[in-house]
>>> print(open('model_8.txt').read())   # compact mmCIF, C-alpha atoms and all ligand atoms
# COMPACT_ATOMS: atom_id res chain seq x y z
CA MET D 115 69.43 137.01 98.73
CA ARG D 116 66.75 136.70 96.03
CA ASN D 117 66.96 140.47 95.59
CA THR D 118 70.73 140.39 95.14
CA HIS D 119 71.65 140.74 91.47
CA VAL D 120 74.54 138.64 90.11
CA LEU D 121 76.03 139.06 86.64
CA MET D 122 77.46 136.04 84.81
CA PRO D 123 79.37 137.36 81.75
CA GLY D 124 79.93 133.95 80.09
CA PRO D 125 78.56 130.40 80.38
CA MET D 126 79.49 128.42 83.50
CA ALA D 127 78.81 124.85 84.70
CA ARG D 128 75.12 123.92 85.02
CA THR D 129 75.35 123.36 88.80
CA ILE D 130 76.62 126.92 89.27
CA VAL D 131 73.95 128.43 87.02
CA GLU D 132 71.16 126.41 88.72
CA GLN D 133 72.25 127.29 92.26
CA LEU D 134 72.79 130.96 91.49
CA ASP D 135 69.42 131.07 89.71
CA ALA D 136 67.78 129.52 92.79
CA ASN D 137 69.41 131.87 95.32
CA PHE D 138 69.94 135.18 93.52
CA THR D 139 68.61 137.21 90.60
CA LEU D 140 71.00 136.02 87.92
CA HIS D 141 71.74 137.94 84.70
CA LYS D 142 73.26 135.78 81.93
CA LEU D 143 75.09 138.34 79.82
CA TRP D 144 76.00 135.94 77.01
CA GLU D 145 72.32 135.12 76.42
CA ALA D 146 71.27 138.78 76.17
CA GLU D 147 70.28 140.04 72.73
CA ASP D 148 71.80 143.39 73.64
CA PRO D 149 74.46 142.90 76.36
CA ASP D 150 75.18 146.64 76.69
CA ARG D 151 71.46 147.30 77.26
CA LEU D 152 71.35 144.56 79.95
CA ILE D 153 74.31 146.18 81.71
CA ALA D 154 72.90 149.72 81.38
CA ASP D 155 69.50 148.62 82.74
CA ASN D 156 70.97 146.72 85.73
CA ALA D 157 74.32 148.41 86.46
CA GLU D 158 73.14 149.99 89.74
CA ARG D 159 71.60 146.73 90.99
CA ILE D 160 74.46 144.30 90.22
CA GLU D 161 76.44 143.51 93.37
CA ALA D 162 78.34 140.41 92.26
CA ILE D 163 80.00 138.91 89.18
CA ALA D 164 80.50 135.15 88.74
CA THR D 165 83.12 134.48 86.08
CA GLY D 166 84.62 131.42 84.44
CA GLY D 167 87.93 133.07 83.73
CA HIS D 168 87.44 133.22 79.95
CA ARG D 169 86.45 136.89 79.85
CA SER D 170 88.64 139.66 81.18
CA VAL D 171 87.11 141.28 84.28
CA ASP D 172 89.27 144.39 84.29
CA GLY D 173 88.98 147.78 86.00
CA PRO D 174 86.93 149.46 83.23
CA PHE D 175 84.46 146.52 83.24
CA MET D 176 84.06 146.48 87.05
CA GLN D 177 83.73 150.27 87.06
CA ARG D 178 80.46 149.94 85.13
CA PHE D 179 78.84 148.53 88.32
CA PRO D 180 78.90 151.21 91.07
CA ASN D 181 77.58 148.80 93.76
CA LEU D 182 79.82 145.83 92.91
CA LYS D 183 80.94 144.01 96.08
CA ILE D 184 82.48 140.72 94.94
CA VAL D 185 83.85 138.90 91.88
CA ALA D 186 83.72 135.11 92.32
CA ASN D 187 86.21 133.39 89.99
CA PHE D 188 85.89 129.75 88.89
CA GLY D 189 89.52 128.55 89.05
CA VAL D 190 92.41 129.04 91.45
CA GLY D 191 94.20 131.15 88.83
CA TYR D 192 92.57 134.57 88.54
CA ASP D 193 94.84 136.33 86.07
CA THR D 194 91.81 137.42 83.99
CA VAL D 195 90.47 139.45 86.94
CA ASP D 196 92.23 142.70 87.90
CA ALA D 197 92.36 141.81 91.59
CA ALA D 198 94.67 144.72 92.43
CA TRP D 199 92.10 147.20 91.02
CA ALA D 200 89.33 145.38 92.91
CA GLY D 201 91.33 145.59 96.16
CA GLN D 202 91.87 149.32 95.70
CA HIS D 203 88.10 149.79 95.24
CA GLY D 204 86.94 147.65 98.20
CA ILE D 205 85.68 144.80 96.00
CA TYR D 206 86.41 141.21 97.06
CA VAL D 207 87.75 138.67 94.56
CA SER D 208 87.40 134.99 95.47
CA ASN D 209 88.94 131.96 93.74
CA THR D 210 88.77 128.16 94.12
CA PRO D 211 91.99 126.98 95.84
CA ASP D 212 92.68 123.54 97.40
CA VAL D 213 89.69 121.65 95.96
CA LEU D 214 91.61 121.11 92.69
CA THR D 215 95.16 120.71 94.02
CA GLU D 216 95.43 116.90 93.93
CA GLU D 217 93.66 116.61 90.54
CA VAL D 218 96.02 119.09 88.89
CA ALA D 219 99.05 117.41 90.48
CA ASP D 220 97.84 114.05 89.07
CA THR D 221 97.53 115.63 85.61
CA ALA D 222 100.99 117.18 85.91
CA LEU D 223 102.55 113.80 86.70
CA GLY D 224 100.64 112.19 83.82
CA LEU D 225 101.84 114.88 81.41
CA LEU D 226 105.40 114.60 82.71
CA LEU D 227 105.47 110.83 82.14
CA MET D 228 103.76 111.12 78.74
CA THR D 229 106.38 113.62 77.63
CA VAL D 230 109.48 111.96 79.03
CA ARG D 231 108.55 108.51 77.66
CA GLN D 232 106.82 109.74 74.45
CA LEU D 233 103.66 107.85 75.40
CA SER D 234 101.26 109.77 73.09
CA GLU D 235 103.56 109.24 70.13
CA SER D 236 104.01 105.53 70.90
CA GLU D 237 100.23 105.04 71.22
CA ARG D 238 99.70 106.74 67.84
CA TYR D 239 102.39 104.35 66.44
CA LEU D 240 100.44 101.33 67.69
CA ARG D 241 97.04 102.63 66.50
CA ALA D 242 98.48 103.29 63.03
CA GLY D 243 99.37 99.58 62.82
CA ARG D 244 103.08 100.38 62.72
CA TRP D 245 104.09 98.05 65.61
CA GLU D 246 102.94 95.03 63.57
CA LYS D 247 104.41 96.30 60.28
CA GLU D 248 107.61 98.05 61.41
CA GLY D 249 108.46 96.46 64.77
CA ALA D 250 109.04 97.99 68.18
CA PHE D 251 108.72 101.73 68.83
CA ALA D 252 112.15 103.40 69.13
CA LEU D 253 113.68 103.58 72.62
CA THR D 254 113.13 106.98 74.22
CA LYS D 255 116.18 109.17 74.75
CA ALA D 256 114.63 110.70 77.85
CA THR D 257 114.01 108.97 81.18
CA LEU D 258 113.10 109.98 84.72
CA ARG D 259 115.92 107.86 86.09
CA ASN D 260 118.82 109.89 87.53
CA ARG D 261 117.05 113.12 86.58
CA THR D 262 116.12 116.18 88.65
CA VAL D 263 112.91 118.20 88.29
CA GLY D 264 112.90 121.96 88.93
CA ILE D 265 109.44 123.23 89.91
CA VAL D 266 108.61 126.85 89.10
CA GLY D 267 106.05 127.90 91.76
CA LEU D 268 106.15 125.59 94.79
CA GLY D 269 102.69 126.59 96.06
CA ARG D 270 99.74 124.32 96.84
CA ILE D 271 99.87 122.42 93.53
CA GLY D 272 103.68 122.59 93.26
CA LYS D 273 104.01 120.90 96.67
CA ALA D 274 101.50 118.18 95.71
CA ILE D 275 103.55 117.53 92.55
CA ALA D 276 106.77 117.42 94.60
CA ARG D 277 105.21 114.84 96.99
CA ARG D 278 104.41 112.62 94.01
CA LEU D 279 107.97 113.01 92.69
CA ASP D 280 109.29 112.02 96.16
CA ALA D 281 107.41 108.73 95.78
CA PHE D 282 109.02 108.30 92.35
CA ARG D 283 112.41 108.95 94.02
CA VAL D 284 113.05 111.88 91.66
CA PRO D 285 114.99 114.77 93.28
CA VAL D 286 113.18 118.12 93.30
CA ALA D 287 114.41 121.72 93.30
CA TYR D 288 112.26 124.84 93.11
CA HIS D 289 112.13 128.50 92.20
CA GLY D 290 109.77 131.18 93.50
CA ARG D 291 110.04 134.69 94.85
CA SER D 292 110.67 133.41 98.36
CA GLU D 293 112.06 130.33 100.09
CA GLN D 294 109.34 128.05 101.48
CA ALA D 295 109.49 127.03 105.13
CA GLY D 296 109.56 123.33 106.01
CA VAL D 297 110.27 121.82 102.59
CA PRO D 298 113.27 119.56 101.98
CA TYR D 299 113.90 120.74 98.40
CA ARG D 300 116.76 122.96 97.19
CA TYR D 301 115.66 126.58 96.64
CA TYR D 302 116.93 128.77 93.79
CA ASP D 303 116.21 132.48 93.84
CA ASP D 304 117.44 132.57 90.24
CA LEU D 305 115.35 130.70 87.65
CA LYS D 306 118.15 130.53 85.05
CA ALA D 307 120.52 129.02 87.61
CA MET D 308 117.93 126.35 88.47
CA ALA D 309 117.31 125.63 84.77
CA SER D 310 121.08 125.01 84.28
CA ASP D 311 121.13 122.51 87.15
CA VAL D 312 117.97 120.47 86.43
CA ASP D 313 116.87 118.20 83.57
CA ILE D 314 113.16 118.97 83.58
CA LEU D 315 111.52 122.32 84.30
CA LEU D 316 107.93 121.99 85.51
CA SER D 317 106.02 125.25 85.71
CA VAL D 318 102.93 125.66 87.87
CA ALA D 319 103.30 129.38 88.44
CA PRO D 320 100.34 131.77 88.10
CA GLY D 321 99.83 134.07 85.11
CA GLY D 322 99.86 137.87 85.18
CA PRO D 323 102.45 140.60 84.64
CA SER D 324 104.95 139.36 87.28
CA THR D 325 105.47 135.99 85.57
CA HIS D 326 104.93 137.02 81.92
CA HIS D 327 107.48 135.24 79.65
CA MET D 328 109.55 134.33 82.72
CA ILE D 329 110.51 131.13 80.87
CA SER D 330 112.48 132.88 78.13
CA THR D 331 115.05 131.92 75.49
CA GLU D 332 117.75 132.38 78.16
CA VAL D 333 116.02 130.01 80.58
CA LEU D 334 115.32 127.42 77.85
CA ASP D 335 118.96 127.58 76.71
CA ALA D 336 120.05 127.07 80.32
CA LEU D 337 117.86 123.94 80.42
CA GLY D 338 119.70 122.78 77.30
CA PRO D 339 119.34 120.28 74.43
CA ASP D 340 118.54 117.33 76.72
CA GLY D 341 116.05 119.41 78.70
CA ILE D 342 112.27 119.05 78.89
CA LEU D 343 109.71 121.74 79.78
CA VAL D 344 106.34 120.84 81.32
CA ASN D 345 103.80 123.64 81.82
CA VAL D 346 100.56 123.20 83.78
CA GLY D 347 100.46 126.76 85.21
CA ARG D 348 99.63 129.45 82.65
CA GLY D 349 100.63 129.77 78.99
CA SER D 350 101.72 133.39 79.46
CA VAL D 351 104.57 132.30 81.76
CA VAL D 352 106.40 130.77 78.77
CA ASP D 353 107.59 132.74 75.73
CA GLU D 354 105.84 130.39 73.29
CA ALA D 355 107.69 131.69 70.21
CA ALA D 356 111.01 131.16 72.01
CA LEU D 357 109.89 127.65 73.02
CA ILE D 358 108.97 126.75 69.42
CA ALA D 359 112.32 128.05 68.16
CA ALA D 360 114.24 126.10 70.81
CA LEU D 361 112.37 122.85 69.96
CA LYS D 362 112.80 123.35 66.20
CA GLU D 363 116.52 124.06 66.51
CA GLY D 364 117.15 121.13 68.88
CA ARG D 365 118.14 123.47 71.72
CA LEU D 366 115.46 121.76 73.86
CA MET D 367 114.47 118.09 73.68
CA SER D 368 110.74 118.24 74.32
CA ALA D 369 107.77 119.86 76.00
CA GLY D 370 104.52 118.80 77.64
CA LEU D 371 101.94 121.59 77.71
CA ASP D 372 98.48 121.80 79.26
CA VAL D 373 98.32 125.58 78.86
CA PHE D 374 99.06 127.99 75.99
CA GLU D 375 99.53 131.70 75.43
CA ASN D 376 96.41 132.20 73.32
CA GLU D 377 93.95 129.43 74.29
CA PRO D 378 92.27 127.64 72.63
CA HIS D 379 94.67 128.43 69.78
CA VAL D 380 97.67 126.10 69.66
CA PRO D 381 100.41 127.09 67.17
CA ALA D 382 100.65 124.83 64.09
CA GLU D 383 104.41 124.42 64.69
CA LEU D 384 103.69 122.71 68.03
CA MET D 385 100.92 120.59 66.49
CA ALA D 386 103.41 119.30 63.90
CA MET D 387 105.91 118.08 66.53
CA GLU D 388 105.11 114.40 67.14
CA HIS D 389 107.15 114.02 70.34
CA VAL D 390 105.69 117.09 72.05
CA VAL D 391 102.60 116.40 74.22
CA LEU D 392 99.71 118.87 74.02
CA LEU D 393 96.65 118.79 76.31
CA PRO D 394 93.61 121.13 76.06
CA HIS D 395 93.88 122.71 79.55
CA VAL D 396 92.51 119.67 81.38
CA GLY D 397 94.45 120.00 84.66
CA SER D 398 91.35 120.07 86.85
CA ALA D 399 88.90 118.69 84.31
CA SER D 400 87.16 115.78 86.08
CA VAL D 401 83.45 115.86 86.95
CA HIS D 402 84.35 115.44 90.63
CA THR D 403 86.80 118.35 90.82
CA ARG D 404 84.89 120.74 88.56
CA GLN D 405 81.81 120.17 90.78
CA GLN D 406 83.83 121.05 93.88
CA MET D 407 85.17 124.19 92.17
CA GLY D 408 81.66 125.19 91.07
CA GLN D 409 80.29 124.65 94.58
CA LEU D 410 83.02 126.90 95.98
CA VAL D 411 82.02 129.69 93.56
CA VAL D 412 78.42 129.43 94.83
CA ASP D 413 79.49 129.13 98.50
CA ASN D 414 81.76 132.19 98.23
CA LEU D 415 78.83 134.28 96.99
CA LYS D 416 76.40 132.88 99.58
CA SER D 417 78.92 133.39 102.38
CA TYR D 418 79.59 136.97 101.33
CA PHE D 419 75.90 137.93 101.19
CA GLU D 420 75.08 136.07 104.45
CA THR D 421 78.10 137.09 106.58
CA GLY D 422 79.89 139.91 104.73
CA LYS D 423 82.94 137.66 104.15
CA PRO D 424 83.77 135.30 101.26
CA LEU D 425 85.30 131.90 102.12
CA THR D 426 88.39 132.11 99.92
CA PRO D 427 89.34 135.69 99.05
CA VAL D 428 92.56 136.17 97.02
CA ALA D 429 95.68 137.79 98.48
CA GLU D 430 94.99 141.20 96.89
CA THR D 431 91.58 141.42 98.64
CA PRO D 432 92.13 139.98 102.16
CA LEU D 433 89.26 139.61 104.65
CA ARG D 434 88.26 142.91 106.27
CA ASP D 435 86.86 143.30 109.81
P1 LIG U 1 99.66 129.03 94.87
O1 LIG U 1 99.52 128.13 96.03
O2 LIG U 1 99.37 130.47 95.02
O3 LIG U 1 101.15 128.84 94.30
C1 LIG U 1 101.71 129.70 93.36
C2 LIG U 1 103.23 129.62 93.48
O4 LIG U 1 103.81 130.43 92.46
C3 LIG U 1 103.75 130.11 94.81
O5 LIG U 1 104.66 129.17 95.30
C4 LIG U 1 104.45 131.43 94.50
O6 LIG U 1 105.61 131.50 95.32
C5 LIG U 1 104.84 131.23 93.02
N1 LIG U 1 104.89 132.52 92.34
C6 LIG U 1 103.94 133.49 92.31
N2 LIG U 1 104.39 134.54 91.61
C7 LIG U 1 105.65 134.24 91.20
C8 LIG U 1 106.63 134.94 90.47
N3 LIG U 1 106.41 136.18 89.99
N4 LIG U 1 107.82 134.33 90.23
C9 LIG U 1 108.04 133.08 90.69
N5 LIG U 1 107.14 132.37 91.41
C10 LIG U 1 105.97 132.95 91.65
O7 LIG U 1 98.73 128.53 93.66
P2 LIG U 1 98.32 127.05 93.25
O8 LIG U 1 97.03 126.71 93.88
O9 LIG U 1 99.48 126.14 93.47
O10 LIG U 1 98.06 127.29 91.68
C11 LIG U 1 99.13 127.71 90.87
C12 LIG U 1 98.68 128.06 89.47
O11 LIG U 1 98.39 126.87 88.72
C13 LIG U 1 97.38 128.86 89.35
O12 LIG U 1 97.60 130.25 89.56
C14 LIG U 1 96.93 128.57 87.93
O13 LIG U 1 97.46 129.53 87.04
C15 LIG U 1 97.55 127.21 87.63
N6 LIG U 1 96.52 126.15 87.49
C16 LIG U 1 96.40 125.49 86.30
C17 LIG U 1 95.45 124.50 86.17
C18 LIG U 1 95.28 123.73 84.89
O14 LIG U 1 94.19 123.26 84.64
N7 LIG U 1 96.33 123.56 84.09
C19 LIG U 1 94.62 124.18 87.24
C20 LIG U 1 94.77 124.87 88.43
C21 LIG U 1 95.74 125.84 88.55
P3 LIG U 1 106.20 132.93 95.79
O15 LIG U 1 105.02 133.72 96.29
O16 LIG U 1 107.21 132.59 96.81
O17 LIG U 1 106.81 133.53 94.57
C1 LIG U 2 90.31 125.74 85.19
C2 LIG U 2 92.57 126.49 86.06
O1 LIG U 2 90.23 124.89 84.11
O2 LIG U 2 91.96 126.70 88.32
C3 LIG U 2 92.64 127.15 87.39
O3 LIG U 2 93.41 128.11 87.53
O4 LIG U 2 93.33 126.80 85.19
C4 LIG U 2 91.62 125.39 85.82
O5 LIG U 2 91.32 124.67 86.96
C5 LIG U 2 90.05 127.10 84.69
O6 LIG U 2 90.29 128.09 85.61
C6 LIG U 2 88.61 127.18 84.21
O7 LIG U 2 88.41 128.29 83.50
>>> encode(input="model_8.txt", output="structure tokens", more="lines below")
Ligand code: NAP
Ligand code: 8YV
Amino acid sequence: MRNTHVLMPGPMARTIVEQLDANFTLHKLWEAEDPDRLIADNAERIEAIATGGHRSVDGPFMQRFPNLKIVANFGVGYDTVDAAWAGQHGIYVSNTPDVLTEEVADTALGLLLMTVRQLSESERYLRAGRWEKEGAFALTKATLRNRTVGIVGLGRIGKAIARRLDAFRVPVAYHGRSEQAGVPYRYYDDLKAMASDVDILLSVAPGGPSTHHMISTEVLDALGPDGILVNVGRGSVVDEAALIAALKEGRLMSAGLDVFENEPHVPAELMAMEHVVLLPHVGSASVHTRQQMGQLVVDNLKSYFETGKPLTPVAETPLRD
């Protein structure tokens, strides 16, 4: 494999870089003085791309490498890779499912509780010395008691979130393109109908054209003035301008967001809202889980070049015989 050339467009975790450096001929595009020259000089040789999901790996980019065989994505979400184009051109795309599921579900529950009970705001109140000077923090209007959560995208992570909510004795409903077998939760084929019936909408749906702005003004208005939106999926799923307007106008009570439309930019209007909880895309961000994700990126590449098959190809590029 030492003669196999791998392109890394942007920086990735040290363990990935070290292992790829040890096993392959690795080209670090972001370190090149002249990236276009590096690509032109090595285009024929490059057979794999390892990407952290921060740079778009689209058709025109992949097309520059005539012998490209596989794109290994760090992250279960691969909306920055044009997997459909890759599939049509016989190129595998792999992602990092399962190894992050429980971590992201933990984060989702943390964010849900922080939002419902205004825990960030109440901690800031204490740290500002206001508890001593002004007395107890105001009672929160929201609660998880007698409330229902509607999950958008009951996949691997959605199911792990639902299991946690079962333990909290919070009823769960869900929306997706198809009904899931063997789950006890109520299915809605219509997102707006689910939003009207639940108190909290929790999105863990993937990004990409099919989910773009799926959580719209209409859906937020169906959730209503006592409603709360939590998003740990992708920022593009929510119409962020519509969300800001709904929060400002009191048509929605609050939001807890780990993901944004234009990361790492977070709109100033959201920053100014004390009760809204904003996290910097930390769903999977523990040393333990990021190491497992990084190892799976390396193992996908090694498996492909040893056996002809990656370990975890995405749906658009299924295993071939
Ligand atoms: P998964 O198992 O593939 O689940 C995705 C779910 O979304 C499925 O239930 C799917 O159901 C549903 N879905 C897909 N397209 C849809 C559409 N157009 N409309 C409605 N529902 C749709 O993926 P996962 O492992 O749970 O990960 C889910 C997503 O979480 C990732 O794609 C990523 O974007 C995000 N994520 C975020 C973080 C973070 O740090 N915040 C970390 C990891 C993952 P149907 O096929 O039935 O529609
Ligand atoms: C990562 C994620 O932080 O797996 C995903 O889809 O969103 C996160 O686990 C991200 O992919 C790293 O770029």
>>> closest_atom_pairs(input="model_8.txt", of="chain D", to="ligand LIG 1 (chain U)", cutoff="6 Å", atoms="all atoms listed in the file", output="CSV")
residue,atom,partner,partner_atom,distance
D:Val190,CA,U:LIG1,C13,5.4
D:Gly191,CA,U:LIG1,O12,3.6
D:Pro211,CA,U:LIG1,O8,5.4
D:Val218,CA,U:LIG1,C19,5.5
D:Gly267,CA,U:LIG1,O4,3.5
D:Leu268,CA,U:LIG1,O5,3.9
D:Gly269,CA,U:LIG1,O3,3.2
D:Arg270,CA,U:LIG1,O9,3.8
D:Ile271,CA,U:LIG1,O9,3.7
D:Gly272,CA,U:LIG1,O9,5.5
D:Gly290,CA,U:LIG1,N5,3.6
D:Arg291,CA,U:LIG1,O17,3.4
D:Ser292,CA,U:LIG1,O16,3.9
D:Val318,CA,U:LIG1,O11,4.8
D:Ala319,CA,U:LIG1,O4,4.2
D:Pro320,CA,U:LIG1,O12,3.5
D:Gly321,CA,U:LIG1,O13,5.5
D:Ser324,CA,U:LIG1,N3,4.4
D:Thr325,CA,U:LIG1,N3,4.5
D:Val346,CA,U:LIG1,N7,4.3
D:Gly347,CA,U:LIG1,C15,3.8
D:Arg348,CA,U:LIG1,O13,4.9
D:Asp372,CA,U:LIG1,N7,5.6
D:Val373,CA,U:LIG1,N7,5.9
D:His395,CA,U:LIG1,O14,5.1
D:Val396,CA,U:LIG1,O14,5.1
D:Gly397,CA,U:LIG1,O14,3.3
D:Ser398,CA,U:LIG1,O14,4.8
>>> atom_distance(input="model_8.txt", atom1="CA of Gly296 in chain D", atom2="CA of Ser317 in chain D")
20.7 Å
>>> atom_distance(input="model_8.txt", atom1="CA of Leu433 in chain D", atom2="CA of Leu415 in chain D")
14.0 Å
>>> atom_distance(input="model_8.txt", atom1="atom C5 of ligand LIG 2 (chain U)", atom2="CA of Leu366 in chain D")
28.1 Å
>>> axis_aligned_box(input="model_8.txt", around="range 215-223 of chain D", padding_each_side="5 Å", output="JSON")
{"center_x": 98.1, "center_y": 117.3, "center_z": 89.8, "size_x": 18.9, "size_y": 16.9, "size_z": 18.4}
>>> residues_around(input="model_8.txt", residues="Met407 in chain D", least_positions_apart="6", cutoff="10 Å", atoms="only C-alpha atoms", output="list in words")
Ala127, Ile130, Asn187, Phe188, Gly189, Val190, Asn209, Thr210, Pro211, Asp212, Val213, Leu214, Ser398, Val401 and Asp413 of chain D
